[in-house]
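Visitor: Before anything else, here's the structure in question.
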Amino acid sequence: MLEQVVASPPGWQKALLSRIPSPRRPIEDTPLAAAPPARRRIVRSSLSVTGAGLAAVFYCLSFTPSLLPRAWFLQGVVAGITAAMGYALGAAGGAVARRLHGPFRARTTLIAWSALAAVVPVLMVIFLWLGTRWQRDLRVRLGMAPVPEYDIARTVWASLLTFGLLLLIARMLRLATYGCALLFRRVVPQRAAYCAGTLVVAVLAYSAFDGLLIANLFATADRLAAVENNGTGNGVTVPASTLRSGGPQSLVPWDTLGRQGRAFVAGTPRVDELTTFAGRPAIEPIRVYAGLTSADTLRDRAELVVREMDRTGAFDRAVVAVITPTGTGWIDNRVPRSLEFMYAGDTALVSMQYSYLPSFFAFMGDRSEVVNAADALIGAVRARWAALPAATRPRLLLFGESLGTYGMEMTFGTPERLVDGADGALLLGPTFANPTHRVLTEDRTDDSPIWDPTYTRLPVEFADDAAELRNLSGPPPKVVYLQNATDPVVWWSWDLLWKKPQWLVGERAPDVTPDMHWYPGITFWQISCDLVFSNKVPTGHGHSYRWETVDGWAALAAPPGWTTADSIRLRVLLGG
């Protein structure tokens with residue numbers, strides 16, 4: 001019976017028995033023994049050949065010169081980040097190519113890696129040598145001391161460490177993306193799962209970057225700046241004069257001035273110094289300042305400044321200068337001292353603090369603070385000044401440096417109103433965001449370069465070298481801009497990402513190296529990095545101006561009998 005069943009099995013048994021290999025049929029050829037499909041790896045263990053190629057190109061280009069020389073560690077970080085950007089673009093391009101045309105053949109990939117192995121080391125050596133030469137020439141051009149030759153080795157290590165760290169972070173994010181995608185695949189199709197995973201990781205990464213890194217960075221900067229603001233610099237003491245805020249009979253208590261305000265009122269030159277320089281009897285200058293805690297609001301602080309000016313007799317002086325400080329409330333002491341020496345102390349200089357954060361954080365955080373502060377202080381002083389008889393009121397001057405120039409321009413709104421707003425306005429290192437500066441630059445005469453524009457419709461003068469102001473003919477200007485040709489604060493813009501800047505077209509400024517060229521994305525990144533140490537260069541370069549204000553004040557409001565020789569003497573006295 002059993003033999004009959006086996007001999008003639010039912011249909012389902014036949015189907016089952018048919019899958020049992022016979023001795024004549026190799027077991028490896030049967031469907032049951034077929035190898036299972038390979039599982040897709042979550043993250044590729046090997047590097048992208050297209051990413052590596054573009055990373056090498058970007059790495060080499062990162063050593064090309066920009067406006068300012070870079071220290072070895074900054075150059076290393078710049079090179080590493082630039083290479084990482086190149087790798088990301090190359091890897092993305094390779095992924096798109098594989099999606100459109102299928103995976104690269106193994107032979108093609110091997111040839112590409114072999115070519116990179118042969119070419120990249122040679123290119124790197126060439127550009128490292130060129131980069132060293134470019135940096136050396138740039139330092140000579142800016143009057144800076146040379147750096148040791150072995151700095152290039154430290155630069156390479158810093159760049160490799162930076163690139164490796166960024167690549168590790170990218171791999172971790174990619175791993176997280178595929179991990180999320182595997183979870184989403186249980187409920188949605190594969191492509192939707194990967195899109196959802198990418199979106200989730202992107203949102204989480206941005207939240208972590210913005211909420212943990214950026215927020216903590218600003219919070220830490222705020223705490224440190226607050227502590228710094230409460231301190232007092234070395235050698236700064238309470239003034240004994242009634243002509244300075246914080247001194248006897250002052251309406252502004254000393255402990256409310258802040259660190260920079262205390263340094264400002266304590267930095268007045270002695271009367272004997274002024275007398276010796278002027279060659280005639282001098283008087284004690286007036287300096288008025290209000291700190292963040294001197295009054296509750298900006299308007300209250302501005303009104304307090306005006307009352308303090310009335311108390312000290314500021315409107316009886318020959319010159320009243322309103323200074324819009326930088327973010328911390330800092331004022332370069334060469335600025336007020338140059339004006340005080342010019343007028344033998346017959347001056348009243350006033351300012352007001354609006355923040356204790358450095359200019360970078362104040363600019364990136366909330367620019368409305370400097371605008372509101374400038375508007376409040378300039379408006380209050382001008383209203384009191386305009387109420388005086390025109391024949392007896394003092395000369396009104398305005399000054400702003402860096403972020404302070406932005407506040408001044410926004411206060412007046414248009415070039416015409418800026419010109420009419422005072423007897424003279426001196427602006428040092430205007431920022432790339434300044435609207436009036438942009439309008440004046442774009443409307444310059446056709447034969448003038450952007451780094452030294454000529455504007456004939458209004459009494460406005462630009463100078464990339466303060467010495468140029470000594471040779472002006474005709475009536476004095478009402479507004480003077482001092483802007484160094486190598487100042488990244490002036491020349492940075494979003495357009496650098498995709499557009500060659502005008503200051504690299506045609507005639508270049510003497511300080512801009514002819515070896516500098518524009519590359520999409522890379523030049524933008526280099527100029528952004530130049531912002532970090534733009535103050536760490538000699539005067540007349542970068543964002544460093546200092547005693548150049550002597551020539552600026554002389555062009556705007558020179559006292560009777562003032563000569564070029566006097567400007568040179570004063571620059572020497574102030575350290576220039």
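Each chain of the structure tokens is named A, B, ... in the order shown, its residues numbered from 1; ligands are numbered from 1 in display order.
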Pick out the residues sitting within 9 Å of A:Pro269, and hand them over as a tab-separated table (two decimals) with all heavy atoms, in the first residue's frame; count only C-alpha atoms, and ignore anything fewer than 3 positions along from it in its own chain.
Guide:
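What landed in result.tsv:
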chain	number	residue	atom	x	y	z
A	266	ALA	N	38.33	108.26	31.92
A	266	ALA	CA	39.62	108.35	32.61
A	266	ALA	C	40.79	108.56	31.64
A	266	ALA	O	41.92	108.80	32.09
A	266	ALA	CB	39.87	107.09	33.44
A	272	ASP	N	48.67	120.02	30.68
A	272	ASP	CA	50.04	120.37	30.30
A	272	ASP	C	50.45	119.68	29.00
A	272	ASP	O	51.21	120.26	28.20
A	272	ASP	CB	51.01	120.04	31.43
A	272	ASP	CG	51.04	118.56	31.75
A	272	ASP	OD1	49.96	117.94	31.79
A	272	ASP	OD2	52.14	118.01	31.96
A	273	GLU	N	49.95	118.46	28.75
A	273	GLU	CA	50.24	117.79	27.49
A	273	GLU	C	49.60	118.53	26.32
A	273	GLU	O	50.23	118.73	25.27
A	273	GLU	CB	49.71	116.35	27.53
A	273	GLU	CG	50.41	115.43	28.50
A	273	GLU	CD	49.80	114.05	28.54
A	273	GLU	OE1	48.55	113.96	28.56
A	273	GLU	OE2	50.56	113.06	28.53
A	274	LEU	N	48.39	118.97	26.51
A	274	LEU	CA	47.70	119.71	25.46
A	274	LEU	C	48.38	121.05	25.19
A	274	LEU	O	48.52	121.47	24.03
A	274	LEU	CB	46.24	119.94	25.87
A	274	LEU	CG	45.37	118.68	26.05
A	274	LEU	CD1	44.02	119.05	26.65
A	274	LEU	CD2	45.18	117.95	24.74
A	284	GLU	N	40.94	122.06	30.08
A	284	GLU	CA	40.64	120.65	30.33
A	284	GLU	C	39.44	120.21	29.48
A	284	GLU	O	38.39	120.86	29.48
A	284	GLU	CB	40.33	120.43	31.80
A	284	GLU	CG	40.10	118.97	32.14
A	284	GLU	CD	39.82	118.75	33.62
A	284	GLU	OE1	39.84	119.75	34.39
A	284	GLU	OE2	39.56	117.60	34.02
A	285	PRO	N	39.59	119.11	28.75
A	285	PRO	CA	38.47	118.63	27.91
A	285	PRO	C	37.32	118.09	28.76
A	285	PRO	O	37.48	117.76	29.93
A	285	PRO	CB	39.11	117.51	27.08
A	285	PRO	CG	40.58	117.66	27.25
A	285	PRO	CD	40.79	118.30	28.59
A	337	ARG	N	41.25	111.64	21.75
A	337	ARG	CA	42.49	112.37	22.04
A	337	ARG	C	42.95	113.19	20.83
A	337	ARG	O	43.47	114.31	21.00
A	337	ARG	CB	43.58	111.38	22.45
A	337	ARG	CG	43.41	110.83	23.86
A	337	ARG	CD	44.43	109.74	24.15
A	337	ARG	NE	45.77	110.29	24.26
A	337	ARG	CZ	46.32	110.74	25.39
A	337	ARG	NH1	45.61	110.72	26.53
A	337	ARG	NH2	47.55	111.20	25.42
A	340	GLU	N	40.95	116.29	20.84
A	340	GLU	CA	41.29	117.13	21.98
A	340	GLU	C	42.64	117.83	21.79
A	340	GLU	O	42.80	119.01	22.15
A	340	GLU	CB	41.30	116.27	23.25
A	340	GLU	CG	39.90	115.84	23.68
A	340	GLU	CD	39.91	114.69	24.66
A	340	GLU	OE1	40.93	113.98	24.76
A	340	GLU	OE2	38.88	114.48	25.34
A	341	PHE	N	43.60	117.14	21.21
A	341	PHE	CA	44.88	117.78	20.94
A	341	PHE	C	44.75	118.84	19.84
A	341	PHE	O	45.40	119.88	19.89
A	341	PHE	CB	45.93	116.74	20.53
A	341	PHE	CG	46.63	116.11	21.70
A	341	PHE	CD1	46.27	114.84	22.15
A	341	PHE	CD2	47.65	116.78	22.36
A	341	PHE	CE1	46.92	114.25	23.23
A	341	PHE	CE2	48.31	116.20	23.44
A	341	PHE	CZ	47.93	114.93	23.87
A	345	GLY	N	42.02	121.08	23.92
A	345	GLY	CA	41.10	120.78	25.00
A	345	GLY	C	39.77	121.47	24.93
A	345	GLY	O	38.89	121.20	25.78
Visitor: I'd like the neighbourhood of stretch 414-423 of chain A as a PyMOL selection string, where a residue qualifies if any of its atoms comes within 8 Å (using only C-alpha atoms), though same-chain residues fewer than 5 positions away should be ignored.
Guide: chain A and resi 395-398+409+436+439-440+458-460+478-479
Visitor: Determine the nearest neighbour of A:Trp553 from the options A:Asn535, A:Ser567, A:Thr155, A:Asn333, counting only C-alpha atoms.
Guide: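 Result for the nearest residue to A:Trp553: A:Ser567.
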Visitor: When you count only C-alpha atoms, which of these residues is closest to A:Leu165: A:Ala344, A:Ile81, A:Val119, A:Ala386?
Guide: A:Ile81
Visitor: Nearest to A:Leu570: which of A:Ala170, A:Val122, A:Ile331, A:Ala554 is it, counting only C-alpha atoms?
Guide: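 Looking only at the distances to A:Leu570, the closest residue turns out to be A:Ala554.
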Visitor: Excluding A:Asn234 and its own-chain neighbours fewer than 5 positions away, which residues fall within 12 Å of it when counting only C-alpha atoms? Please give them as a list in words.
Guide: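 Listing them by chain and then by number gives Arg259, Gln260, Arg262, Ala263, Ala266 and Gly267 of chain A.
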Visitor: Pick from A:Trp492, A:Trp503, A:Trp547, A:Tyr206: nearest to A:Asp530, with only C-alpha atoms counted?
Guide: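 Closest to A:Asp530 of all the choices is A:Trp492.
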Visitor: Write out as a ChimeraX atom specification all residues of stretch 115-343 of chain A that backbone DSSP assigns to strand (DSSP E).
Guide: /A:286-290,319-324
Visitor: Using only C-alpha atoms, determine which residues lie at most 8 Å from stretch 292-297 of chain A, disregarding the query and same-chain residues fewer than 6 positions distant; provide the list as a PDB file with C-alpha atoms, in the first residue's frame.
Guide:
ATOM      1  CA  VAL A 252      26.215 109.611  36.375  1.00  0.00           C
ATOM      2  CA  PRO A 253      27.561 107.384  39.178  1.00  0.00           C
ATOM      3  CA  THR A 256      27.211 102.557  36.393  1.00  0.00           C
ATOM      4  CA  LEU A 257      29.579 103.508  33.578  1.00  0.00           C
ATOM      5  CA  GLY A 258      30.733  99.982  32.744  1.00  0.00           C
ATOM      6  CA  LEU A 304      20.884 111.953  31.177  1.00  0.00           C
ATOM      7  CA  GLN A 353      26.647 102.346  25.963  1.00  0.00           C
ATOM      8  CA  TYR A 354      23.979 100.147  24.371  1.00  0.00           C
ATOM      9  CA  SER A 355      25.454  96.670  24.907  1.00  0.00           C
TER      10      SER A 355
END
Visitor: Residues at most 8 Å from A:Asp465, counting only C-alpha atoms, excluding those fewer than 3 positions away in the same chain, as a list in words?
Guide: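 After dropping sequence-adjacent residues, the list is Glu468, Leu469, Leu482, Gln483, Asn484 and Gly540 of chain A.
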Visitor: Using all heavy atoms, can you export the residues from the last selection as a compact mmCIF listing (two decimals), in the first residue's frame?
Guide:
# COMPACT_ATOMS: atom_id res chain seq x y z
N GLU A 468 45.60 110.44 2.03
CA GLU A 468 44.99 111.05 0.85
C GLU A 468 44.19 112.29 1.22
O GLU A 468 44.03 113.22 0.42
CB GLU A 468 44.06 110.06 0.16
CG GLU A 468 44.74 108.80 -0.36
CD GLU A 468 43.72 107.82 -0.92
OE1 GLU A 468 42.53 108.20 -1.01
OE2 GLU A 468 44.10 106.69 -1.25
N LEU A 469 43.68 112.32 2.44
CA LEU A 469 42.82 113.42 2.87
C LEU A 469 43.59 114.72 3.04
O LEU A 469 42.99 115.80 3.16
CB LEU A 469 42.13 113.06 4.19
CG LEU A 469 41.21 111.82 4.14
CD1 LEU A 469 40.73 111.47 5.53
CD2 LEU A 469 40.03 112.06 3.21
N LEU A 482 36.62 106.33 6.08
CA LEU A 482 37.92 105.69 6.02
C LEU A 482 37.69 104.19 5.95
O LEU A 482 37.09 103.60 6.87
CB LEU A 482 38.76 106.05 7.26
CG LEU A 482 39.31 107.48 7.31
CD1 LEU A 482 40.05 107.71 8.62
CD2 LEU A 482 40.21 107.75 6.13
N GLN A 483 38.13 103.56 4.87
CA GLN A 483 37.89 102.13 4.67
C GLN A 483 39.13 101.50 4.06
O GLN A 483 39.51 101.80 2.94
CB GLN A 483 36.68 101.91 3.76
CG GLN A 483 36.72 102.71 2.45
CD GLN A 483 35.47 102.53 1.62
OE1 GLN A 483 34.37 102.41 2.14
NE2 GLN A 483 35.65 102.51 0.30
N ASN A 484 39.76 100.63 4.81
CA ASN A 484 40.95 99.96 4.31
C ASN A 484 40.57 98.98 3.21
O ASN A 484 39.55 98.29 3.28
CB ASN A 484 41.66 99.22 5.44
CG ASN A 484 42.24 100.17 6.47
OD1 ASN A 484 42.59 101.30 6.15
ND2 ASN A 484 42.34 99.73 7.71
N GLY A 540 46.09 100.63 9.25
CA GLY A 540 46.00 100.90 7.82
C GLY A 540 45.67 99.66 7.02
O GLY A 540 45.55 99.74 5.79
Visitor: One number please: atom CA of A:Phe73 to atom CA of A:Met172, in Å, one decimal.
Guide: 25.6 Å
Visitor: One decimal, Å: what's the distance from atom CA of A:Asp255 over to atom CA of A:Arg334, could you say?
Guide: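 Between atom CA of A:Asp255 and atom CA of A:Arg334 the gap is 23.9 Å.
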Visitor: May I have the residues within 6 Å of A:Val371 as a list in words, using only C-alpha atoms and disregarding those fewer than 3 positions away in the same chain?
Guide: Ser368, Ala374 and Gly407 of chain A
Visitor: If I take atom CA of A:Arg141 and atom CA of A:Ala467, how far is one from the other in Å, to one decimal?
Guide: 17.9 Å
Visitor: Hey, what's within 12 Å of A:Ser351 if we count only C-alpha atoms and toss same-chain stuff fewer than 3 positions away? As a compact mmCIF listing (two decimals) with N, CA and C atoms, in the first residue's frame, please?
Guide:
# COMPACT_ATOMS: atom_id res chain seq x y z
N ARG A 244 34.03 115.49 34.02
CA ARG A 244 33.92 114.14 33.48
C ARG A 244 32.87 113.35 34.25
N SER A 245 32.15 112.51 33.51
CA SER A 245 31.14 111.67 34.15
C SER A 245 31.80 110.72 35.13
N LEU A 257 29.02 103.20 34.90
CA LEU A 257 29.58 103.51 33.58
C LEU A 257 29.96 102.26 32.79
N GLN A 260 34.16 99.94 29.80
CA GLN A 260 34.60 100.80 28.70
C GLN A 260 34.28 102.27 28.98
N GLY A 261 33.17 102.54 29.64
CA GLY A 261 32.84 103.91 29.99
C GLY A 261 33.82 104.49 30.98
N ARG A 262 34.23 103.68 31.96
CA ARG A 262 35.21 104.16 32.93
C ARG A 262 36.55 104.43 32.26
N PHE A 264 36.91 105.33 29.16
CA PHE A 264 36.74 106.51 28.31
C PHE A 264 36.90 107.81 29.10
N VAL A 265 36.22 107.93 30.23
CA VAL A 265 36.27 109.18 30.98
C VAL A 265 37.62 109.36 31.68
N ILE A 286 36.17 118.01 28.14
CA ILE A 286 34.98 117.44 28.77
C ILE A 286 34.70 116.08 28.14
N ARG A 287 34.42 115.10 28.98
CA ARG A 287 34.00 113.78 28.48
C ARG A 287 32.78 113.32 29.28
N VAL A 288 31.73 112.98 28.55
CA VAL A 288 30.47 112.56 29.16
C VAL A 288 30.11 111.18 28.64
N TYR A 289 29.65 110.33 29.55
CA TYR A 289 29.33 108.94 29.16
C TYR A 289 28.22 108.43 30.07
N ALA A 290 27.34 107.59 29.49
CA ALA A 290 26.30 106.91 30.26
C ALA A 290 26.38 105.42 29.99
N GLY A 291 26.43 104.62 31.04
CA GLY A 291 26.50 103.17 30.90
C GLY A 291 25.13 102.53 30.85
N LEU A 292 25.13 101.21 30.73
CA LEU A 292 23.85 100.49 30.62
C LEU A 292 22.98 100.66 31.85
N ARG A 301 18.75 107.36 29.21
CA ARG A 301 20.20 107.53 29.21
C ARG A 301 20.61 108.69 28.31
N ALA A 302 19.95 108.83 27.16
CA ALA A 302 20.27 109.94 26.27
C ALA A 302 19.95 111.28 26.93
N GLU A 303 18.82 111.36 27.61
CA GLU A 303 18.47 112.61 28.31
C GLU A 303 19.43 112.87 29.46
N LEU A 304 19.90 111.80 30.11
CA LEU A 304 20.88 111.95 31.18
C LEU A 304 22.19 112.53 30.63
N VAL A 305 22.59 112.07 29.44
CA VAL A 305 23.80 112.60 28.81
C VAL A 305 23.66 114.08 28.54
N VAL A 306 22.50 114.51 28.03
CA VAL A 306 22.29 115.92 27.73
C VAL A 306 22.31 116.76 29.02
N GLU A 308 23.94 116.01 31.69
CA GLU A 308 25.35 116.01 32.10
C GLU A 308 26.15 117.00 31.26
N MET A 309 25.79 117.12 29.99
CA MET A 309 26.45 118.11 29.13
C MET A 309 26.15 119.54 29.61
N VAL A 320 31.59 119.92 19.87
CA VAL A 320 30.89 118.83 20.54
C VAL A 320 30.87 117.65 19.59
N ALA A 321 31.37 116.51 20.05
CA ALA A 321 31.43 115.30 19.22
C ALA A 321 30.61 114.20 19.87
N VAL A 322 29.67 113.64 19.11
CA VAL A 322 28.85 112.52 19.57
C VAL A 322 29.44 111.24 18.98
N ILE A 323 29.82 110.32 19.84
CA ILE A 323 30.51 109.09 19.43
C ILE A 323 29.58 107.90 19.63
N THR A 324 29.34 107.14 18.57
CA THR A 324 28.60 105.88 18.68
C THR A 324 29.62 104.76 18.83
N PRO A 325 29.70 104.11 19.98
CA PRO A 325 30.77 103.14 20.23
C PRO A 325 30.50 101.79 19.58
N THR A 326 31.44 100.87 19.75
CA THR A 326 31.25 99.50 19.29
C THR A 326 30.35 98.75 20.27
N GLY A 329 30.71 99.06 24.02
CA GLY A 329 30.80 100.43 24.50
C GLY A 329 32.20 100.99 24.39
N TRP A 330 33.08 100.22 23.74
CA TRP A 330 34.49 100.61 23.62
C TRP A 330 34.66 101.75 22.63
N ILE A 331 35.56 102.67 22.99
CA ILE A 331 35.94 103.77 22.11
C ILE A 331 37.46 103.80 22.07
N PRO A 336 39.10 110.28 20.53
CA PRO A 336 38.87 111.53 21.25
C PRO A 336 40.15 112.33 21.50
N ALA A 348 34.06 118.85 23.84
CA ALA A 348 33.19 118.04 24.69
C ALA A 348 32.81 116.79 23.90
N TYR A 354 25.23 100.81 24.71
CA TYR A 354 23.98 100.15 24.37
C TYR A 354 24.07 98.63 24.52
N ALA A 373 20.06 103.16 19.95
CA ALA A 373 20.95 103.96 20.80
C ALA A 373 21.47 105.18 20.06
N ALA A 374 21.92 104.99 18.81
CA ALA A 374 22.42 106.12 18.02
C ALA A 374 21.32 107.14 17.78
N ALA A 376 18.69 107.69 19.62
CA ALA A 376 18.33 108.38 20.87
C ALA A 376 19.37 109.41 21.25
N LEU A 377 20.64 109.05 21.20
CA LEU A 377 21.69 109.97 21.65
C LEU A 377 21.88 111.12 20.66
N ILE A 378 22.02 110.79 19.37
CA ILE A 378 22.22 111.85 18.37
C ILE A 378 21.01 112.77 18.34
N ALA A 380 18.86 113.46 20.78
CA ALA A 380 18.77 114.29 21.98
C ALA A 380 19.80 115.42 21.95
N VAL A 381 21.04 115.10 21.54
CA VAL A 381 22.09 116.12 21.50
C VAL A 381 21.79 117.14 20.40
N LEU A 398 30.07 114.10 14.39
CA LEU A 398 29.62 112.74 14.67
C LEU A 398 30.73 111.76 14.34
N PHE A 399 30.81 110.68 15.13
CA PHE A 399 31.83 109.66 14.87
C PHE A 399 31.25 108.28 15.12
N GLY A 400 31.64 107.34 14.25
CA GLY A 400 31.27 105.95 14.44
C GLY A 400 32.34 105.05 13.86
N GLY A 404 29.29 101.00 15.01
CA GLY A 404 28.80 102.35 15.26
C GLY A 404 28.42 103.08 13.99
Visitor: When distances are computed from only C-alpha atoms, which of A:Arg136, A:Leu183, A:Ala278, A:Ala91 shows the smallest separation from A:Gly561?
Guide: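 Once distances to A:Gly561 are computed over only C-alpha atoms, the minimum belongs to A:Ala278.
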Visitor: A:Gln75, A:Ser448, A:Thr539, A:Thr312: which is nearest A:Thr162, counting only C-alpha atoms?
Guide: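 Going through A:Gln75, A:Ser448, A:Thr539, A:Thr312 one by one, the smallest distance to A:Thr162 is for A:Gln75.
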Visitor: Within stretch 188-381 of chain A, find each residue whose DSSP state, derived from the backbone, is helix (DSSP H, G or I), and express the selection as an NGL selection string.
Guide: :A and (190-230 or 254-256 or 258-266 or 271-278 or 298-312 or 314-316 or 334-342 or 359-365 or 368-381)
Visitor: Could you write out that same residue set with C-alpha atoms as a JSON list (two decimals), in the first residue's frame?
Guide:
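Once everything was written out, this is again34.json:
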[["chain", "number", "residue", "atom", "x", "y", "z"],
["A", 190, "GLN", "CA", 11.24, 52.68, 1.03],
["A", 191, "ARG", "CA", 11.74, 56.05, -0.69],
["A", 192, "ALA", "CA", 9.32, 57.79, 1.64],
["A", 193, "ALA", "CA", 11.08, 56.17, 4.59],
["A", 194, "TYR", "CA", 14.46, 57.54, 3.53],
["A", 195, "CYS", "CA", 12.98, 61.00, 2.94],
["A", 196, "ALA", "CA", 11.36, 60.94, 6.37],
["A", 197, "GLY", "CA", 14.59, 59.74, 7.99],
["A", 198, "THR", "CA", 16.58, 62.49, 6.32],
["A", 199, "LEU", "CA", 14.06, 65.12, 7.45],
["A", 200, "VAL", "CA", 14.03, 63.87, 11.05],
["A", 201, "VAL", "CA", 17.82, 63.80, 11.36],
["A", 202, "ALA", "CA", 18.14, 67.21, 9.68],
["A", 203, "VAL", "CA", 15.65, 68.78, 12.10],
["A", 204, "LEU", "CA", 17.29, 67.15, 15.12],
["A", 205, "ALA", "CA", 20.78, 68.14, 13.96],
["A", 206, "TYR", "CA", 19.74, 71.74, 13.35],
["A", 207, "SER", "CA", 17.97, 71.90, 16.70],
["A", 208, "ALA", "CA", 21.03, 70.53, 18.45],
["A", 209, "PHE", "CA", 23.32, 72.95, 16.60],
["A", 210, "ASP", "CA", 21.12, 75.97, 17.19],
["A", 211, "GLY", "CA", 19.83, 75.10, 20.64],
["A", 212, "LEU", "CA", 22.96, 73.61, 22.17],
["A", 213, "LEU", "CA", 25.92, 75.12, 20.35],
["A", 214, "ILE", "CA", 24.75, 78.55, 19.15],
["A", 215, "ALA", "CA", 22.49, 79.31, 22.11],
["A", 216, "ASN", "CA", 25.15, 78.24, 24.60],
["A", 217, "LEU", "CA", 27.76, 80.20, 22.70],
["A", 218, "PHE", "CA", 25.72, 83.39, 22.94],
["A", 219, "ALA", "CA", 24.79, 82.65, 26.57],
["A", 220, "THR", "CA", 28.44, 82.08, 27.49],
["A", 221, "ALA", "CA", 29.50, 85.21, 25.64],
["A", 222, "ASP", "CA", 26.78, 87.14, 27.44],
["A", 223, "ARG", "CA", 27.91, 85.94, 30.87],
["A", 224, "LEU", "CA", 31.58, 86.62, 30.18],
["A", 225, "ALA", "CA", 30.81, 90.05, 28.73],
["A", 226, "ALA", "CA", 28.66, 90.92, 31.75],
["A", 227, "VAL", "CA", 31.50, 90.00, 34.10],
["A", 228, "GLU", "CA", 33.95, 91.96, 31.95],
["A", 229, "ASN", "CA", 31.64, 94.97, 31.92],
["A", 230, "ASN", "CA", 31.57, 95.11, 35.71],
["A", 254, "TRP", "CA", 31.01, 105.91, 38.54],
["A", 255, "ASP", "CA", 29.89, 102.30, 39.13],
["A", 256, "THR", "CA", 27.21, 102.56, 36.39],
["A", 258, "GLY", "CA", 30.73, 99.98, 32.74],
["A", 259, "ARG", "CA", 34.32, 98.97, 32.04],
["A", 260, "GLN", "CA", 34.60, 100.80, 28.70],
["A", 261, "GLY", "CA", 32.84, 103.91, 29.99],
["A", 262, "ARG", "CA", 35.21, 104.16, 32.93],
["A", 263, "ALA", "CA", 38.17, 103.80, 30.57],
["A", 264, "PHE", "CA", 36.74, 106.51, 28.31],
["A", 265, "VAL", "CA", 36.27, 109.18, 30.98],
["A", 266, "ALA", "CA", 39.62, 108.35, 32.61],
["A", 271, "VAL", "CA", 46.24, 120.04, 30.33],
["A", 272, "ASP", "CA", 50.04, 120.37, 30.30],
["A", 273, "GLU", "CA", 50.24, 117.79, 27.49],
["A", 274, "LEU", "CA", 47.70, 119.71, 25.46],
["A", 275, "THR", "CA", 49.48, 122.99, 26.09],
["A", 276, "THR", "CA", 52.86, 121.60, 25.05],
["A", 277, "PHE", "CA", 51.49, 120.25, 21.77],
["A", 278, "ALA", "CA", 49.39, 123.31, 20.90],
["A", 298, "LEU", "CA", 17.84, 104.33, 26.05],
["A", 299, "ARG", "CA", 15.82, 107.54, 26.01],
["A", 300, "ASP", "CA", 16.48, 108.07, 29.71],
["A", 301, "ARG", "CA", 20.20, 107.53, 29.21],
["A", 302, "ALA", "CA", 20.27, 109.94, 26.27],
["A", 303, "GLU", "CA", 18.47, 112.61, 28.31],
["A", 304, "LEU", "CA", 20.88, 111.95, 31.18],
["A", 305, "VAL", "CA", 23.80, 112.60, 28.81],
["A", 306, "VAL", "CA", 22.29, 115.92, 27.73],
["A", 307, "ARG", "CA", 21.75, 116.99, 31.37],
["A", 308, "GLU", "CA", 25.35, 116.01, 32.10],
["A", 309, "MET", "CA", 26.45, 118.11, 29.13],
["A", 310, "ASP", "CA", 24.56, 121.11, 30.51],
["A", 311, "ARG", "CA", 26.14, 120.55, 33.93],
["A", 312, "THR", "CA", 29.68, 120.52, 32.53],
["A", 314, "ALA", "CA", 29.68, 121.19, 27.04],
["A", 315, "PHE", "CA", 27.72, 123.47, 24.71],
["A", 316, "ASP", "CA", 30.09, 126.34, 25.48],
["A", 334, "ARG", "CA", 43.04, 107.81, 19.92],
["A", 335, "VAL", "CA", 39.75, 109.06, 18.48],
["A", 336, "PRO", "CA", 38.87, 111.53, 21.25],
["A", 337, "ARG", "CA", 42.49, 112.37, 22.04],
["A", 338, "SER", "CA", 43.20, 113.39, 18.44],
["A", 339, "LEU", "CA", 40.32, 115.88, 18.53],
["A", 340, "GLU", "CA", 41.29, 117.13, 21.98],
["A", 341, "PHE", "CA", 44.88, 117.78, 20.94],
["A", 342, "MET", "CA", 43.71, 119.57, 17.78],
["A", 359, "SER", "CA", 30.51, 93.85, 18.08],
["A", 360, "PHE", "CA", 30.29, 90.45, 16.32],
["A", 361, "PHE", "CA", 27.68, 89.12, 18.77],
["A", 362, "ALA", "CA", 25.87, 92.46, 18.90],
["A", 363, "PHE", "CA", 25.77, 92.57, 15.11],
["A", 364, "MET", "CA", 24.60, 88.98, 14.68],
["A", 365, "GLY", "CA", 22.21, 89.09, 17.63],
["A", 368, "SER", "CA", 18.36, 97.30, 16.43],
["A", 369, "GLU", "CA", 20.13, 98.07, 19.72],
["A", 370, "VAL", "CA", 22.85, 100.16, 18.09],
["A", 371, "VAL", "CA", 20.30, 101.82, 15.80],
["A", 372, "ASN", "CA", 18.01, 102.78, 18.69],
["A", 373, "ALA", "CA", 20.95, 103.96, 20.80],
["A", 374, "ALA", "CA", 22.42, 106.12, 18.02],
["A", 375, "ASP", "CA", 19.03, 107.56, 17.21],
["A", 376, "ALA", "CA", 18.33, 108.38, 20.87],
["A", 377, "LEU", "CA", 21.69, 109.97, 21.65],
["A", 378, "ILE", "CA", 22.22, 111.85, 18.37],
["A", 379, "GLY", "CA", 18.60, 113.02, 18.40],
["A", 380, "ALA", "CA", 18.77, 114.29, 21.98],
["A", 381, "VAL", "CA", 22.09, 116.12, 21.50]]
Visitor: Please build the interface table for stretch 499-573 of chain A against stretch 46-61 of chain A with a cut-off of 10 Å, listing for each qualifying residue the nearest atom pair and the distance in Å to one decimal; count only C-alpha atoms, order rows by chain and increasing number, and write it as a Markdown table.
Guide:
| residue | atom | partner | partner_atom | distance |
| --- | --- | --- | --- | --- |
| A:His517 | CA | A:Leu61 | CA | 9.9 |
| A:Tyr519 | CA | A:Leu61 | CA | 8.3 |
| A:Gly521 | CA | A:Phe58 | CA | 9.9 |
| A:Ile522 | CA | A:Leu61 | CA | 7.6 |
| A:Thr523 | CA | A:Leu61 | CA | 9.3 |
